[in-house]
Structure formats: C-alpha cells, structure tokens
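Q: After the structure tokens below, expect a handful of questions from me.
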Amino acid sequence: MAADFRATAKNDRQTAPVTVQLSNLSYGADTYMWTFEGGNPSSSSDKNPGEVVFAEAGNHKITLTAVNAVGQSVKDTTIIVYPQVSVGFGYVVQINDIAPAVVEIVNKTKGATAYEWHFEGGDPATSSSPNPGCVTFATGGKHEIKLRVTNGLEWFEQSDTVTLRNPMRADFEMQPLGIDEDMEAPVTMQLTNTSESAINGKWTAPGGTLSSDTARIATVRYAKPGTYTITLTVDDNKSRLSTSRSITVKENNGLLVANNLRFGINEAKKTVGCFYSSLMNRVLTTGDVADATVGKTIDIAFFGLNSRFGYCYFLSPADAKDSAFPAIPGAVAATVNNKPVGIGQEQFDNIKKGSDFQMLSGWSGNKKDYFTIDDCPHFVLFKTADGRRSIIKVKEFVREGAASYIVADLKIEKRKDE
C-alpha cells in the first residue's frame with residue numbers, strides 16, 4: 001500500500017484565489033483522509049475530492065492518509081499561493097502645477113511584494129520603495145509615472161501622466177502712447193505683463209506715476225526728462241523673478257513730427273483714410289472717426305478727387321460734409337492755406353521746435369485753392385482749432401486705382417501737456 005496523489009493548479013494559476021485539482025494515485029488502500037490547510041473544503045474522506053480552493057496567500061499543506069487493514073501510508077505536499085495584487089496609485093501636486101513642481105506619490109497598491117517606480121523627468125527618476133514620497137519635476141509638459149509591481153510570481157503595471165505648466169518667466173512689453181512716440185517729456189508708456197506661469201505681478205517705476213502697480217496692463221507717466229528704470233516682479237507662490245528695462249525721456253521741444261503719412265483719395269476714405277489726429281498720431285478712416293470721442297481729435301482732413309490727382313486740398317474737419325465726406329461727430333474747425341506764399345523745403349527744414357513756427361505766416365488761405373500732382377513737393381500750412389500751428393510737406397503721389405494716396409510729412413506744435 002502507498003499513499004500518492006497529484007495536485008495541479010487549475011489553469012496554472014498560482015495567484016490567490018487558487019483552485020487545486022487533486023488526482024488520487026494511491027493503491028492498496030481502503031479509506032482515505034485528506035486535510036487541506038487553509039483550503040475550502042478543509043478536509044475530505046472521498047477518494048477523489050476533486051477541487052480545493054485556497055483563497056489566502058501563503059504556504060498551504062495538503063496531506064493524504066491512506067488506510068487499509070494492515071496499516072496506513074501518508075503523503076503531503078505544499079501549495080504556494082501568491083498574493084492577489086490590486087495595483088494602483090495617485091498623486092498630489094504640491095502648491096501648484098507650475099514647474100519646478102513637487103508631486104507627492106500616493107501608493108494604493110495591495111498584495112505586492114516588490115515595486116519598480118519610474119518618474120519621467122523626475123528627481124528621483126526611479127524608486128523601489130512602496131511609498132516613494134515626493135518627486136520633483138523641473139520642466140513643464142507631460143511626465144509619465146509608471147509603476148510595476150510583483151507578488152513574487154507575476155508582474156502588474158499601471159501608468160499615469162502629470163501635466164505641468166512651464167517654469168515661470170518674467171517679461172513685459174512697453175510702448176509709448178500716441179503722441180509720445182517721440183519720447184519727449186511728458187511721456188506715458190503702456191506696460192503689458194507678458195510673463196509666463198506667473199500668478200502675481202507688481203510694477204515699480206521710480207520717478208514715474210503708475211496707473212496701477214498690479215494690473216496686467218498699466219501705464220506709467222514721466223513728467224520730466226531723464227533715464228528711468230521700470231521693473232516687473234512676478235511670483236508663482238513658490239519663488240520670485242524680476243526683469244527691468246530702462247527708458248530715456250528727452251527734453252520736450254514742443255514739436256511733433258510725423259513722417260510718411262498716407263492720405264487716401266476720396267474713394268479710399270474707408271480704407272487708407274483721409275483724417276489726421278495728432279493725439280493718435282495717425283491717419284484715420286471714415287469708420288474710425290464715426291465715434292465722437294475720436295472725431296473731436298481730428299486736426300486736418302485731405303480730399304483728392306481721383307487717382308489722377310488733378311484736384312487735391314486739405315480742409316478743416318468741420319467742413320468735411322462740404323467735401324463729400326460724412327459729417328465728423330464732434331468735429332472742430334481749423335484754418336488751412338493750401339497755397340502759402342514763400343514756403344518751401346528750406347522753411348520746412350528750419351522748423352525744429354515748436355517755437356520755430358513764429359518764422360512763418362499765412363495760416364489762412366482761400367478755400368478754393370487746391371494743388372495737383374504737378375505740385376511736388378507741395379507745402380500746406382494750417383492752424384488747429386486750439387491754435388497749434390502746422391506745416392505739411394506733400395512729397396509723393398501714388399496711383400493705385402481706388403486705393404490711390406499721397407505721402408506726406410507733417411510737423412505740428414504740441415499741446416501744453418504733450
């Protein structure tokens with residue numbers, strides 16, 4: 001007589017729960033007693049008990065005692081059941097998602113006996129600890145977090161991605177407003193915070209007057225000539241960065257100079273534009289000046305009959321309707337001389353500051369005066385409604401069909417606060 005059996009894991013599975021199939025290979029026995037440590041069932045007296053389920057991980061002994069009238073024979077074997085694994089993890093970004101960012105790893109895995117962590121772009125880059133703690137990612141973008149675990153027999157894995165914003169960068173743009181492009185005192189600069197990944201920003205501008213020291217878009221005004229430094233300091237609630245730029249404000253000579261202004265013919269009043277505003281220091285279209293707040297800033301208008309340039313003149317904004325233009329809301333009157341006597345290139349060049357206009361005369365002319373393409377260069381004098389004197393040099397006539405225009409340089413006295 002000999003006790004013998006074969007125990008086989010069903011489907012070759014050795015991770016809990018394990019189902020063991022038993023085959024009794026004994027001979028010469030009359031009765032049998034099986035015991036299954038940690039099994040279900042835990043015992044049996046059947047010759048072939050069939051299947052036993054082991055739900056818990058560990059070493060489980062199976063014992064068979066075969067008995068006959070002469071005696072008994074015993075055989076046992078041990079089944080190894082590996083832990084069932086539930087792999088999982090999470091992460092918590094500390095403070096905010098701006099790189100460099102600290103990310104706390106939260107392990108939620110159950111049943112693993114060994115760990116392999118991989119942190120793409122992280123410090124540390126790997127870990128074998130069940131709880132690796134915090135990982136620092138220095139750069140923005142997507143970073144893969146991968147976890148591989150084993151129960152001693154099988155490997156399981158899971159991955160996730162943490163997405164971070166780029167590291168904070170401090171930067172800003174600045175430009176003078178309208179008439180202040182000549183950088184002569186007083187000067188108002190528009191400041192625009194273009195920083196990346198910054199949560200807070202603060203402007204400082206010693207010697208200037210800020211409209212706001214925290215707004216993304218702010219202005220600063222400098223009343224006197226000099227060299228000034230503008231600084232923007234930003235933070236991401238973890239660190240600070242600052243960037244500075246210097247500007248030089250020049251002495252005010254009382255003269256605004258605008259070069260290469262384009263004034264369109266009548267057909268181009270909606271595209272090229274026919275109206276000049278020294279406050280904005282540019283030529284505007286009929287659509288622009290339909291707003292009364294803009295219309296009242298127009299200093300002078302231009303009329304060109306067609307692309308042949310046989311009939312051209314500058315006119316007062318208040319007379320726009322008399323020259324085939326829509327009436328300008330809020331329009332003011334100007335005096336214009338389209339054919340001043342004794343005005344040429346020399347006189348134009350000698351105007352280097354506002355007070356130099358006292359050398360000229362003849363601010364008012366005949367409303368019927370005009371000039372043509374044959375008058376090039378041609379000079380026009382005008383005086384604004386608030387008494388500021390100006391000289392225009394028409395230096396080019398450009399024929400482009402309905403988009404034809406003249407090119408002119410202009411010098412005009414500034415207002416007292418410009």
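Ligands are numbered from 1 in the order shown, chains are lettered A, B, ... in the order of the structure tokens, and residues start at 1 in each chain.
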Just the residues within 10 Å of stretch 383-389 of chain A, please, counting only C-alpha atoms, with nothing from its chain fewer than 5 positions along; format it as an MDAnalysis selection string.

A: chainID A and resid 255 298:300 316:318 331:337 354:355 357:358 360:364 411:415

Q: From stretch 197-344 of chain A, collect each residue whose DSSP state is strand (DSSP E or B) and return the set as a PDB file with C-alpha atoms, in the first residue's frame.

A:
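Resulting contents of selection.pdb:
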```pdb
ATOM      1  CA  ASN A 200       1.106  87.671  -9.232  1.00  0.00           C
ATOM      2  CA  GLY A 201       2.882  90.657 -10.735  1.00  0.00           C
ATOM      3  CA  LYS A 202       3.988  94.018  -9.352  1.00  0.00           C
ATOM      4  CA  TRP A 203       5.299  97.083 -11.217  1.00  0.00           C
ATOM      5  CA  THR A 204       7.772  99.566  -9.809  1.00  0.00           C
ATOM      6  CA  THR A 209       3.304 107.736 -11.898  1.00  0.00           C
ATOM      7  CA  LEU A 210       1.716 104.294 -12.307  1.00  0.00           C
ATOM      8  CA  ILE A 217      -1.865  96.246 -18.457  1.00  0.00           C
ATOM      9  CA  ALA A 218      -0.903  99.528 -16.831  1.00  0.00           C
ATOM     10  CA  THR A 219       0.507 102.941 -17.763  1.00  0.00           C
ATOM     11  CA  VAL A 220       3.317 104.976 -16.291  1.00  0.00           C
ATOM     12  CA  ARG A 221       3.785 108.691 -16.901  1.00  0.00           C
ATOM     13  CA  TYR A 222       7.060 110.590 -16.678  1.00  0.00           C
ATOM     14  CA  GLY A 226      15.725 111.672 -17.641  1.00  0.00           C
ATOM     15  CA  THR A 227      16.594 107.982 -17.696  1.00  0.00           C
ATOM     16  CA  TYR A 228      14.221 105.748 -15.780  1.00  0.00           C
ATOM     17  CA  THR A 229      14.016 102.058 -14.910  1.00  0.00           C
ATOM     18  CA  ILE A 230      10.798 100.055 -14.979  1.00  0.00           C
ATOM     19  CA  THR A 231      10.786  96.755 -13.083  1.00  0.00           C
ATOM     20  CA  LEU A 232       8.268  93.926 -13.084  1.00  0.00           C
ATOM     21  CA  THR A 233       8.437  91.367 -10.268  1.00  0.00           C
ATOM     22  CA  VAL A 234       6.369  88.204 -10.583  1.00  0.00           C
ATOM     23  CA  ASP A 235       5.849  85.154  -8.415  1.00  0.00           C
ATOM     24  CA  ARG A 240      10.071  85.343  -7.441  1.00  0.00           C
ATOM     25  CA  LEU A 241      11.599  86.691 -10.622  1.00  0.00           C
ATOM     26  CA  SER A 242      12.237  90.265 -11.719  1.00  0.00           C
ATOM     27  CA  THR A 243      13.027  91.896 -15.029  1.00  0.00           C
ATOM     28  CA  SER A 244      13.845  95.547 -15.711  1.00  0.00           C
ATOM     29  CA  ARG A 245      14.072  97.882 -18.683  1.00  0.00           C
ATOM     30  CA  SER A 246      15.302 101.426 -18.973  1.00  0.00           C
ATOM     31  CA  ILE A 247      13.880 104.297 -20.986  1.00  0.00           C
ATOM     32  CA  THR A 248      15.192 107.759 -21.711  1.00  0.00           C
ATOM     33  CA  VAL A 249      12.747 110.650 -21.738  1.00  0.00           C
ATOM     34  CA  LYS A 250      14.021 113.575 -23.785  1.00  0.00           C
ATOM     35  CA  LEU A 255       7.151 119.768 -31.897  1.00  0.00           C
ATOM     36  CA  LEU A 256       5.525 116.570 -33.127  1.00  0.00           C
ATOM     37  CA  VAL A 257       6.967 115.146 -36.339  1.00  0.00           C
ATOM     38  CA  ALA A 258       5.090 112.532 -38.358  1.00  0.00           C
ATOM     39  CA  ASN A 259       6.696 111.089 -41.472  1.00  0.00           C
ATOM     40  CA  ASN A 260       5.315 109.112 -44.395  1.00  0.00           C
ATOM     41  CA  LEU A 261       1.659 109.649 -43.588  1.00  0.00           C
ATOM     42  CA  ARG A 262      -0.691 108.230 -46.232  1.00  0.00           C
ATOM     43  CA  PHE A 263      -3.796 110.232 -47.122  1.00  0.00           C
ATOM     44  CA  GLY A 264      -6.201 108.445 -49.483  1.00  0.00           C
ATOM     45  CA  PHE A 275      -8.209 112.267 -41.475  1.00  0.00           C
ATOM     46  CA  TYR A 276      -5.206 113.041 -39.290  1.00  0.00           C
ATOM     47  CA  SER A 277      -5.260 113.102 -35.484  1.00  0.00           C
ATOM     48  CA  ARG A 282      -2.003 108.574 -37.389  1.00  0.00           C
ATOM     49  CA  VAL A 283      -4.356 108.820 -40.361  1.00  0.00           C
ATOM     50  CA  LEU A 284      -7.907 107.539 -39.718  1.00  0.00           C
ATOM     51  CA  ILE A 300      -6.968 118.129 -40.564  1.00  0.00           C
ATOM     52  CA  ALA A 301      -8.572 116.241 -43.464  1.00  0.00           C
ATOM     53  CA  PHE A 302      -7.495 115.595 -47.070  1.00  0.00           C
ATOM     54  CA  PHE A 303      -9.582 115.482 -50.231  1.00  0.00           C
ATOM     55  CA  GLY A 304      -8.333 114.002 -53.506  1.00  0.00           C
ATOM     56  CA  CYS A 312      -6.381 117.963 -54.133  1.00  0.00           C
ATOM     57  CA  TYR A 313      -6.623 120.028 -50.952  1.00  0.00           C
ATOM     58  CA  PHE A 314      -6.523 119.851 -47.177  1.00  0.00           C
ATOM     59  CA  LEU A 315      -9.558 121.057 -45.261  1.00  0.00           C
ATOM     60  CA  THR A 335      -7.765 127.283 -40.720  1.00  0.00           C
ATOM     61  CA  VAL A 336      -5.972 125.999 -43.819  1.00  0.00           C
ATOM     62  CA  ASN A 337      -3.781 127.536 -46.510  1.00  0.00           C
TER      63      ASN A 337
END
```

Q: Among stretch 323-364 of chain A, which residues carry a DSSP assignment of helix (DSSP H, G or I), reported as a list of chain:residue names?

A: A:Ser323, A:Gln345, A:Glu346, A:Gln347, A:Phe348, A:Asp349, A:Asn350, A:Gly354, A:Ser355, A:Asp356, A:Phe357, A:Gln358, A:Met359

Q: Can you list, as a list of chain:residue names, every protein, DNA or RNA residue that comes within 9 Å of A:Ser26 when you count only C-alpha atoms, leaving out same-chain residues fewer than 6 positions away?

A: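 Listing them by chain and then by number gives A:Met1, A:Ala2, A:Ala3, A:Asp4, A:Phe5, A:Ala66.
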
Q: Grab the residues selected above and save them as a PDB file, in the first residue's frame with C-alpha atoms.

A:
```pdb
ATOM      1  CA  MET A   1       0.000   0.000   0.000  1.00  0.00           C
ATOM      2  CA  ALA A   2       1.216   3.516  -0.778  1.00  0.00           C
ATOM      3  CA  ALA A   3      -0.435   6.931  -0.500  1.00  0.00           C
ATOM      4  CA  ASP A   4       0.117   9.099  -3.534  1.00  0.00           C
ATOM      5  CA  PHE A   5      -1.628  11.944  -5.316  1.00  0.00           C
ATOM      6  CA  ALA A  66      -4.345   6.138   3.003  1.00  0.00           C
TER       7      ALA A  66
END
```

Q: Please build the interface table for stretch 182-268 of chain A against stretch 145-169 of chain A with a cut-off of 7 Å, listing for each qualifying residue the nearest atom pair and the distance in Å to one decimal; count only C-alpha atoms, order rows by chain and increasing number, and write it as a tab-separated table.

A:
```
residue	atom	partner	partner_atom	distance
A:Ser195	CA	A:Arg169	CA	5.4
A:Glu196	CA	A:Arg169	CA	5.0
A:Ser197	CA	A:Met168	CA	4.7
A:Ala198	CA	A:Met168	CA	5.6
A:Asp236	CA	A:Met168	CA	6.9
```

Q: Write out as a ChimeraX atom specification the residues lying within 8 Å of A:Ala55, counting only C-alpha atoms and excluding same-chain residues fewer than 4 positions away.

A: /A:16-18,38-39

Q: For a test of reading the model, state the distance in Å between atom CA of A:Tyr405 and atom CA of A:Ile179, rounded to one decimal.

A: 23.2 Å

Q: Applying 9 Å and only C-alpha atoms, which residues near stretch 119-127 of chain A remain after dropping the ones on its own chain fewer than 5 positions away? List them as number ranges by chain.

A: A: 132, 134-139, 142-147

Q: Go ahead and save the residues from that selection, with C-alpha atoms, as a PDB file, in the first residue's frame.

A:
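Written output follows (selection-v1.pdb):
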```pdb
ATOM      1  CA  PRO A 132       8.447  56.872  -2.708  1.00  0.00           C
ATOM      2  CA  CYS A 134       7.700  63.282  -3.232  1.00  0.00           C
ATOM      3  CA  VAL A 135       9.196  63.673  -6.694  1.00  0.00           C
ATOM      4  CA  THR A 136      10.363  66.991  -8.171  1.00  0.00           C
ATOM      5  CA  PHE A 137       9.756  67.734 -11.856  1.00  0.00           C
ATOM      6  CA  ALA A 138      11.887  70.616 -13.115  1.00  0.00           C
ATOM      7  CA  THR A 139      10.273  71.148 -16.507  1.00  0.00           C
ATOM      8  CA  LYS A 142       3.716  65.823 -19.647  1.00  0.00           C
ATOM      9  CA  HIS A 143       5.605  63.436 -17.365  1.00  0.00           C
ATOM     10  CA  GLU A 144       4.755  59.743 -17.227  1.00  0.00           C
ATOM     11  CA  ILE A 145       4.637  57.994 -13.865  1.00  0.00           C
ATOM     12  CA  LYS A 146       4.862  54.217 -14.228  1.00  0.00           C
ATOM     13  CA  LEU A 147       4.524  51.578 -11.514  1.00  0.00           C
TER      14      LEU A 147
END
```

Q: Can you pull out every residue within 10 Å of A:Asp375, counting only C-alpha atoms, but drop anything in the same chain fewer than 5 positions away, and send it as a ChimeraX atom specification?

A: /A:310,370,394-397

Q: Tell me, in Å to one decimal, how far atom CA of A:Asn366 is from atom CA of A:Cys274.

A: 20.5 Å

Q: Expressed in Å to a single decimal, how great is the separation between atom CA of A:Ser278 and atom CA of A:Gly401?

A: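 Distance reported for this atom pair: 27.7 Å.
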
Q: For A:Met280, which residue among A:Ala324, A:Leu177, A:Ile79, A:Val67 is the nearest when counting only C-alpha atoms?

A: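 The closest residue to A:Met280 is A:Leu177.
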
Q: Hey, which of A:Ile391, A:Met183, A:Leu305, A:Ala114 ends up closest to A:Thr372? Count only C-alpha atoms.

A: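 Smallest distance to A:Thr372 is found for A:Leu305.
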
Q: Ranking A:Gly50, A:Gly254, A:Gly140, A:Gly71 by minimum distance to A:Ala99 and counting only C-alpha atoms, which one comes first?

A: A:Gly140

Q: Which residue, A:Asn107, A:Asn68, A:Ser42, A:Gln345, has the smallest gap to A:Tyr91 when you use only C-alpha atoms?

A: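 Of the candidates, the smallest distance to A:Tyr91 is held by A:Asn107.
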
Q: Need the shell around stretch 84-90 of chain A: protein/DNA/RNA residues with any atom at most 6 Å away, counting only C-alpha atoms. Skip same-chain ones fewer than 6 positions apart. Format as a list of chain:residue names?

A: A:Thr15, A:Ala16, A:Val106, A:Asn107, A:Lys108, A:Thr109, A:Lys110, A:Gly111, A:Ala112

Q: Kindly indicate which residue among A:Asp30, A:Asp322, A:Asp349, A:Glu251 lies nearest to A:Lys224, using only C-alpha atoms for the distances.

A: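 Looking at the shortest contact to A:Lys224, the residue is A:Glu251.
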